[in-house]
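Coordinates from coords.cif are shown below (mmCIF, C-alpha atoms).
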data_data
#
loop_
_atom_site.group_PDB
_atom_site.id
_atom_site.type_symbol
_atom_site.label_atom_id
_atom_site.label_comp_id
_atom_site.auth_asym_id
_atom_site.auth_seq_id
_atom_site.Cartn_x
_atom_site.Cartn_y
_atom_site.Cartn_z
ATOM 1 C CA MET F 110 50.296 43.420 -31.504
ATOM 2 C CA GLU F 111 46.960 42.559 -29.949
ATOM 3 C CA THR F 112 45.019 45.282 -28.256
ATOM 4 C CA ARG F 113 43.208 44.279 -25.161
ATOM 5 C CA LYS F 114 39.632 45.469 -24.952
ATOM 6 C CA LYS F 115 38.712 47.321 -21.833
ATOM 7 C CA LYS F 116 35.888 45.803 -19.816
ATOM 8 C CA ALA F 117 32.683 47.793 -19.504
ATOM 9 C CA GLN F 118 31.726 49.035 -16.077
ATOM 10 C CA VAL F 119 28.254 48.194 -14.770
ATOM 11 C CA SER F 120 26.592 49.420 -11.603
ATOM 12 C CA VAL F 121 24.156 47.080 -9.920
ATOM 13 C CA TYR F 122 22.156 47.259 -6.722
ATOM 14 C CA LEU F 123 22.382 44.150 -4.573
ATOM 15 C CA ASP F 124 20.509 43.136 -1.480
ATOM 16 C CA PRO F 125 22.773 43.417 1.604
ATOM 17 C CA ALA F 126 22.513 39.652 2.224
ATOM 18 C CA ILE F 127 23.616 38.890 -1.345
ATOM 19 C CA MET F 128 26.426 41.427 -1.090
ATOM 20 C CA THR F 129 27.635 39.714 2.100
ATOM 21 C CA MET F 130 27.534 36.315 0.387
ATOM 22 C CA LEU F 131 29.480 37.738 -2.582
ATOM 23 C CA ALA F 132 32.119 39.272 -0.310
ATOM 24 C CA ASP F 133 32.482 36.043 1.717
ATOM 25 C CA HIS F 134 32.778 33.898 -1.413
ATOM 26 C CA ALA F 135 35.355 36.244 -2.959
ATOM 27 C CA ALA F 136 37.401 36.214 0.252
ATOM 28 C CA ARG F 137 37.332 32.398 0.442
ATOM 29 C CA ARG F 138 38.442 32.081 -3.195
ATOM 30 C CA GLY F 139 41.003 34.853 -2.967
ATOM 31 C CA GLN F 140 39.499 36.653 -5.964
ATOM 32 C CA SER F 141 37.852 39.995 -6.453
ATOM 33 C CA GLN F 142 34.117 40.478 -6.076
ATOM 34 C CA SER F 143 34.035 41.773 -9.651
ATOM 35 C CA MET F 144 35.563 38.513 -10.935
ATOM 36 C CA ILE F 145 33.051 36.367 -8.999
ATOM 37 C CA ALA F 146 30.109 38.484 -10.210
ATOM 38 C CA GLU F 147 31.357 38.300 -13.813
ATOM 39 C CA ALA F 148 31.679 34.513 -13.667
ATOM 40 C CA ALA F 149 28.204 34.155 -12.115
ATOM 41 C CA ILE F 150 26.597 36.344 -14.789
ATOM 42 C CA ALA F 151 28.436 34.498 -17.578
ATOM 43 C CA SER F 152 27.309 31.153 -16.183
ATOM 44 C CA PHE F 153 23.721 32.333 -15.877
ATOM 45 C CA LEU F 154 23.620 33.717 -19.422
ATOM 46 C CA SER F 155 25.527 30.931 -21.208
ATOM 47 C CA PRO F 156 23.469 28.932 -23.713
ATOM 48 C CA ASP F 157 24.533 25.578 -22.285
ATOM 49 C CA ALA F 158 23.374 26.545 -18.783
ATOM 50 C CA ALA F 159 19.793 25.773 -19.781
ATOM 51 C CA GLU F 160 20.890 22.382 -21.115
ATOM 52 C CA ARG F 161 22.722 21.605 -17.870
ATOM 53 C CA ARG F 162 19.680 22.549 -15.807
ATOM 54 C CA GLU F 163 17.493 20.406 -18.066
ATOM 55 C CA ALA F 164 19.871 17.444 -17.662
ATOM 56 C CA VAL F 165 19.822 17.793 -13.882
ATOM 57 C CA ILE F 166 16.021 17.972 -13.845
ATOM 58 C CA ALA F 167 15.730 14.956 -16.182
ATOM 59 C CA LYS F 168 18.065 12.928 -13.950
ATOM 60 C CA ARG F 169 16.035 13.815 -10.859
ATOM 61 C CA LEU F 170 12.764 12.946 -12.605
ATOM 62 C CA ASP F 171 14.184 9.551 -13.602
ATOM 63 C CA GLN F 172 15.131 8.871 -9.987
ATOM 64 C CA LEU F 173 11.646 9.835 -8.816
ATOM 65 C CA ASP F 174 10.067 7.658 -11.513
ATOM 66 C CA ARG F 175 12.071 4.607 -10.429
ATOM 67 C CA ARG F 176 11.169 5.252 -6.786
ATOM 68 C CA MET F 177 7.458 5.592 -7.616
ATOM 69 C CA THR F 178 7.564 2.369 -9.674
ATOM 70 C CA ARG F 179 9.005 0.490 -6.694
ATOM 71 C CA GLN F 180 6.408 1.980 -4.350
ATOM 72 C CA SER F 181 3.525 1.133 -6.692
ATOM 73 C CA ALA F 182 4.768 -2.466 -6.946
ATOM 74 C CA ILE F 183 4.763 -2.697 -3.158
ATOM 75 C CA ALA F 184 1.306 -1.132 -2.951
ATOM 76 C CA ALA F 185 -0.039 -3.433 -5.683
ATOM 77 C CA SER F 186 0.967 -6.450 -3.658
ATOM 78 C CA ARG F 187 -1.188 -5.191 -0.772
ATOM 79 C CA TRP F 188 -4.245 -4.095 -2.716
ATOM 80 C CA ARG F 189 -6.470 -6.138 -4.942
ATOM 81 C CA ALA F 190 -9.616 -5.455 -6.907
ATOM 82 C CA TRP F 191 -12.759 -7.167 -5.657
ATOM 83 C CA PRO F 192 -15.317 -7.944 -8.374
ATOM 84 C CA CYS F 193 -18.156 -6.020 -6.789
ATOM 85 C CA SER F 194 -20.303 -3.284 -8.190
ATOM 86 C CA SER F 195 -19.600 0.274 -7.246
ATOM 87 C CA SER F 196 -21.715 3.358 -7.274
ATOM 88 C CA SER F 197 -19.297 5.137 -9.620
ATOM 89 C CA GLY F 198 -19.806 2.821 -12.580
ATOM 90 C CA SER F 199 -18.028 -0.227 -13.898
ATOM 91 C CA ARG F 200 -14.708 0.314 -12.105
ATOM 92 C CA PRO F 201 -14.061 -2.258 -9.391
ATOM 93 C CA ARG F 202 -13.496 -0.920 -5.908
ATOM 94 C CA LEU F 203 -10.131 -1.486 -4.318
ATOM 95 C CA ARG F 204 -10.033 -2.933 -0.860
ATOM 96 C CA TYR F 205 -7.043 -3.280 1.387
ATOM 97 C CA GLN F 206 -5.729 -6.773 1.820
ATOM 98 C CA ASN F 207 -3.734 -7.239 4.996
ATOM 99 C CA PRO F 208 -0.265 -8.672 4.473
ATOM 100 C CA PRO F 209 0.146 -12.242 5.713
ATOM 101 C CA ARG F 210 0.974 -12.483 9.384
ATOM 102 C CA ARG F 211 4.220 -14.007 10.510
ATOM 103 C CA GLN F 212 3.799 -17.572 11.736
ATOM 104 C CA HIS F 213 5.056 -18.171 15.261
ATOM 105 C CA ALA F 214 6.165 -21.505 16.661
ATOM 106 C CA PRO F 215 3.299 -23.273 18.441
ATOM 107 C CA ARG F 216 3.332 -22.982 22.212
ATOM 108 C CA PRO F 217 3.561 -26.175 24.196
ATOM 109 C CA ALA F 218 0.400 -27.288 25.947
ATOM 110 C CA SER F 219 0.164 -26.687 29.686
ATOM 111 C CA ASP F 220 0.369 -30.426 30.463
ATOM 112 C CA THR F 221 3.659 -30.566 28.534
ATOM 113 C CA ILE F 222 5.023 -27.779 30.736
ATOM 114 C CA SER F 223 3.865 -29.596 33.875
ATOM 115 C CA SER F 224 5.508 -32.835 32.824
ATOM 116 C CA SER F 225 8.722 -30.991 31.942
ATOM 117 C CA LEU F 226 8.768 -29.374 35.379
ATOM 118 C CA ARG F 227 8.240 -32.709 37.079
ATOM 119 C CA LEU F 228 11.226 -34.173 35.208
ATOM 120 C CA VAL F 229 13.532 -31.560 36.695
ATOM 121 C CA GLY F 230 12.074 -32.026 40.157
ATOM 122 C CA VAL F 231 9.798 -28.978 40.409
ATOM 123 C CA SER F 232 6.080 -29.283 41.002
ATOM 124 C CA PRO F 233 3.766 -27.176 38.842
ATOM 125 C CA LYS F 234 2.677 -25.094 41.847
ATOM 126 C CA GLY F 235 6.215 -24.243 42.880
ATOM 127 C CA ARG F 236 6.601 -26.918 45.585
ATOM 128 C CA SER F 237 8.989 -29.850 45.284
#
Show me this structure written as structure tokens.
Amino acid sequence: METRKKKAQVSVYLDPAIMTMLADHAARRGQSQSMIAEAAIASFLSPDAAERREAVIAKRLDQLDRRMTRQSAIAASRWRAWPCSSSSGSRPRLRYQNPPRRQHAPRPASDTISSSLRLVGVSPKGRS
């Protein structure tokens, strides 16, 4: 017959805000505050918790690295090095190159507008 070991009792002092959060969480889960606190302490002290945190941090760093690579590619397309001397040594200075402007359709000349108005029976000054 297996004998069940009795759990050790521990007294801790918690901030009132943390105690309220513990009580609310225990009520939502339908479990005792002692059970929630035990699970939280076990999770915090488990050896694989550090590995999980490291995996989460590594994943986030990879995301940030990909985002920075995209941003630097965009920035590189807008900046170029001019071969001019600089006061700091042999490094070329970077100057901003404006992105190409969007080309708009050419506007018709004013005489083209006048002739178009005459075709529909309107004079250029508003009289017919």
Residues near range 148-160 of chain F, cut-off 12 Å, only C-alpha atoms, skip fewer than 6 positions along chain, as a ChimeraX atom specification:
/F:119,131,134-135,140-142,166-167
Axis-aligned box for range 149-161 of chain F, 3 Å per side, centre and edges in Å as lines of an AutoDock Vina configuration file:
center_x = 24.1
center_y = 29.0
center_z = -17.9
size_x = 14.6
size_y = 20.7
size_z = 17.6
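In this model, the gap between CA of Ile145 in chain F and CA of Lys168 in chain F comes to 28.3 Å.
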Can you spell out as a VMD selection string the set of residues that the PyMOL selection byres ((chain F and resi 116) around 12) selects in the structure I just provided?
chain F and resid 113 to 115 117 to 119 143 to 144 147
Quick one: distance from CA of Ser181 in chain F to CA of Ala164 in chain F in Å, one decimal?
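So the two atoms, CA of Ser181 in chain F and CA of Ala164 in chain F, lie 25.6 Å apart.
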Can you tell me how far CA of Arg161 in chain F sits from CA of Thr129 in chain F, in Å to one decimal?
27.4 Å
Can you put N, CA and C atoms back into range 152-175 of chain F and show it as an mmCIF file, in the coordinates of the input?
data_model
loop_
_atom_site.group_PDB
_atom_site.id
_atom_site.type_symbol
_atom_site.label_atom_id
_atom_site.label_comp_id
_atom_site.auth_asym_id
_atom_site.auth_seq_id
_atom_site.Cartn_x
_atom_site.Cartn_y
_atom_site.Cartn_z
ATOM 1 N N SER F 152 27.895 32.486 -16.346
ATOM 2 C CA SER F 152 27.309 31.153 -16.183
ATOM 3 C C SER F 152 25.800 31.187 -16.345
ATOM 4 N N PHE F 153 25.182 32.209 -15.797
ATOM 5 C CA PHE F 153 23.721 32.333 -15.877
ATOM 6 C C PHE F 153 23.266 32.577 -17.310
ATOM 7 N N LEU F 154 24.020 33.343 -18.069
ATOM 8 C CA LEU F 154 23.620 33.717 -19.422
ATOM 9 C C LEU F 154 24.133 32.778 -20.508
ATOM 10 N N SER F 155 24.969 31.814 -20.176
ATOM 11 C CA SER F 155 25.527 30.931 -21.208
ATOM 12 C C SER F 155 24.430 30.036 -21.791
ATOM 13 N N PRO F 156 24.516 29.735 -23.079
ATOM 14 C CA PRO F 156 23.469 28.932 -23.713
ATOM 15 C C PRO F 156 23.429 27.495 -23.206
ATOM 16 N N ASP F 157 24.545 26.949 -22.774
ATOM 17 C CA ASP F 157 24.533 25.578 -22.285
ATOM 18 C C ASP F 157 24.058 25.469 -20.831
ATOM 19 N N ALA F 158 23.876 26.585 -20.159
ATOM 20 C CA ALA F 158 23.374 26.545 -18.783
ATOM 21 C C ALA F 158 21.968 25.955 -18.748
ATOM 22 N N ALA F 159 21.153 26.315 -19.716
ATOM 23 C CA ALA F 159 19.793 25.773 -19.781
ATOM 24 C C ALA F 159 19.842 24.263 -20.013
ATOM 25 N N GLU F 160 20.760 23.816 -20.852
ATOM 26 C CA GLU F 160 20.890 22.382 -21.115
ATOM 27 C C GLU F 160 21.346 21.635 -19.865
ATOM 28 N N ARG F 161 22.270 22.239 -19.107
ATOM 29 C CA ARG F 161 22.722 21.605 -17.870
ATOM 30 C C ARG F 161 21.591 21.500 -16.861
ATOM 31 N N ARG F 162 20.821 22.583 -16.727
ATOM 32 C CA ARG F 162 19.680 22.549 -15.807
ATOM 33 C C ARG F 162 18.673 21.496 -16.248
ATOM 34 N N GLU F 163 18.432 21.400 -17.549
ATOM 35 C CA GLU F 163 17.493 20.406 -18.066
ATOM 36 C C GLU F 163 17.995 18.989 -17.789
ATOM 37 N N ALA F 164 19.298 18.768 -17.933
ATOM 38 C CA ALA F 164 19.871 17.444 -17.662
ATOM 39 C C ALA F 164 19.736 17.075 -16.190
ATOM 40 N N VAL F 165 19.955 18.045 -15.317
ATOM 41 C CA VAL F 165 19.822 17.793 -13.882
ATOM 42 C C VAL F 165 18.369 17.469 -13.538
ATOM 43 N N ILE F 166 17.449 18.211 -14.116
ATOM 44 C CA ILE F 166 16.021 17.972 -13.845
ATOM 45 C C ILE F 166 15.603 16.608 -14.389
ATOM 46 N N ALA F 167 16.068 16.255 -15.597
ATOM 47 C CA ALA F 167 15.730 14.956 -16.182
ATOM 48 C C ALA F 167 16.261 13.809 -15.326
ATOM 49 N N LYS F 168 17.482 13.965 -14.806
ATOM 50 C CA LYS F 168 18.065 12.928 -13.950
ATOM 51 C C LYS F 168 17.237 12.758 -12.682
ATOM 52 N N ARG F 169 16.841 13.871 -12.089
ATOM 53 C CA ARG F 169 16.035 13.815 -10.859
ATOM 54 C C ARG F 169 14.664 13.198 -11.126
ATOM 55 N N LEU F 170 14.060 13.534 -12.257
ATOM 56 C CA LEU F 170 12.764 12.946 -12.605
ATOM 57 C C LEU F 170 12.876 11.442 -12.822
ATOM 58 N N ASP F 171 13.966 10.988 -13.429
ATOM 59 C CA ASP F 171 14.184 9.551 -13.602
ATOM 60 C C ASP F 171 14.295 8.842 -12.257
ATOM 61 N N GLN F 172 15.014 9.462 -11.324
ATOM 62 C CA GLN F 172 15.131 8.871 -9.987
ATOM 63 C C GLN F 172 13.771 8.770 -9.317
ATOM 64 N N LEU F 173 12.985 9.843 -9.415
ATOM 65 C CA LEU F 173 11.646 9.835 -8.816
ATOM 66 C C LEU F 173 10.749 8.801 -9.479
ATOM 67 N N ASP F 174 10.871 8.639 -10.795
ATOM 68 C CA ASP F 174 10.067 7.658 -11.513
ATOM 69 C C ASP F 174 10.391 6.242 -11.051
ATOM 70 N N ARG F 175 11.691 5.935 -10.906
ATOM 71 C CA ARG F 175 12.071 4.607 -10.429
ATOM 72 C C ARG F 175 11.556 4.358 -9.012
#
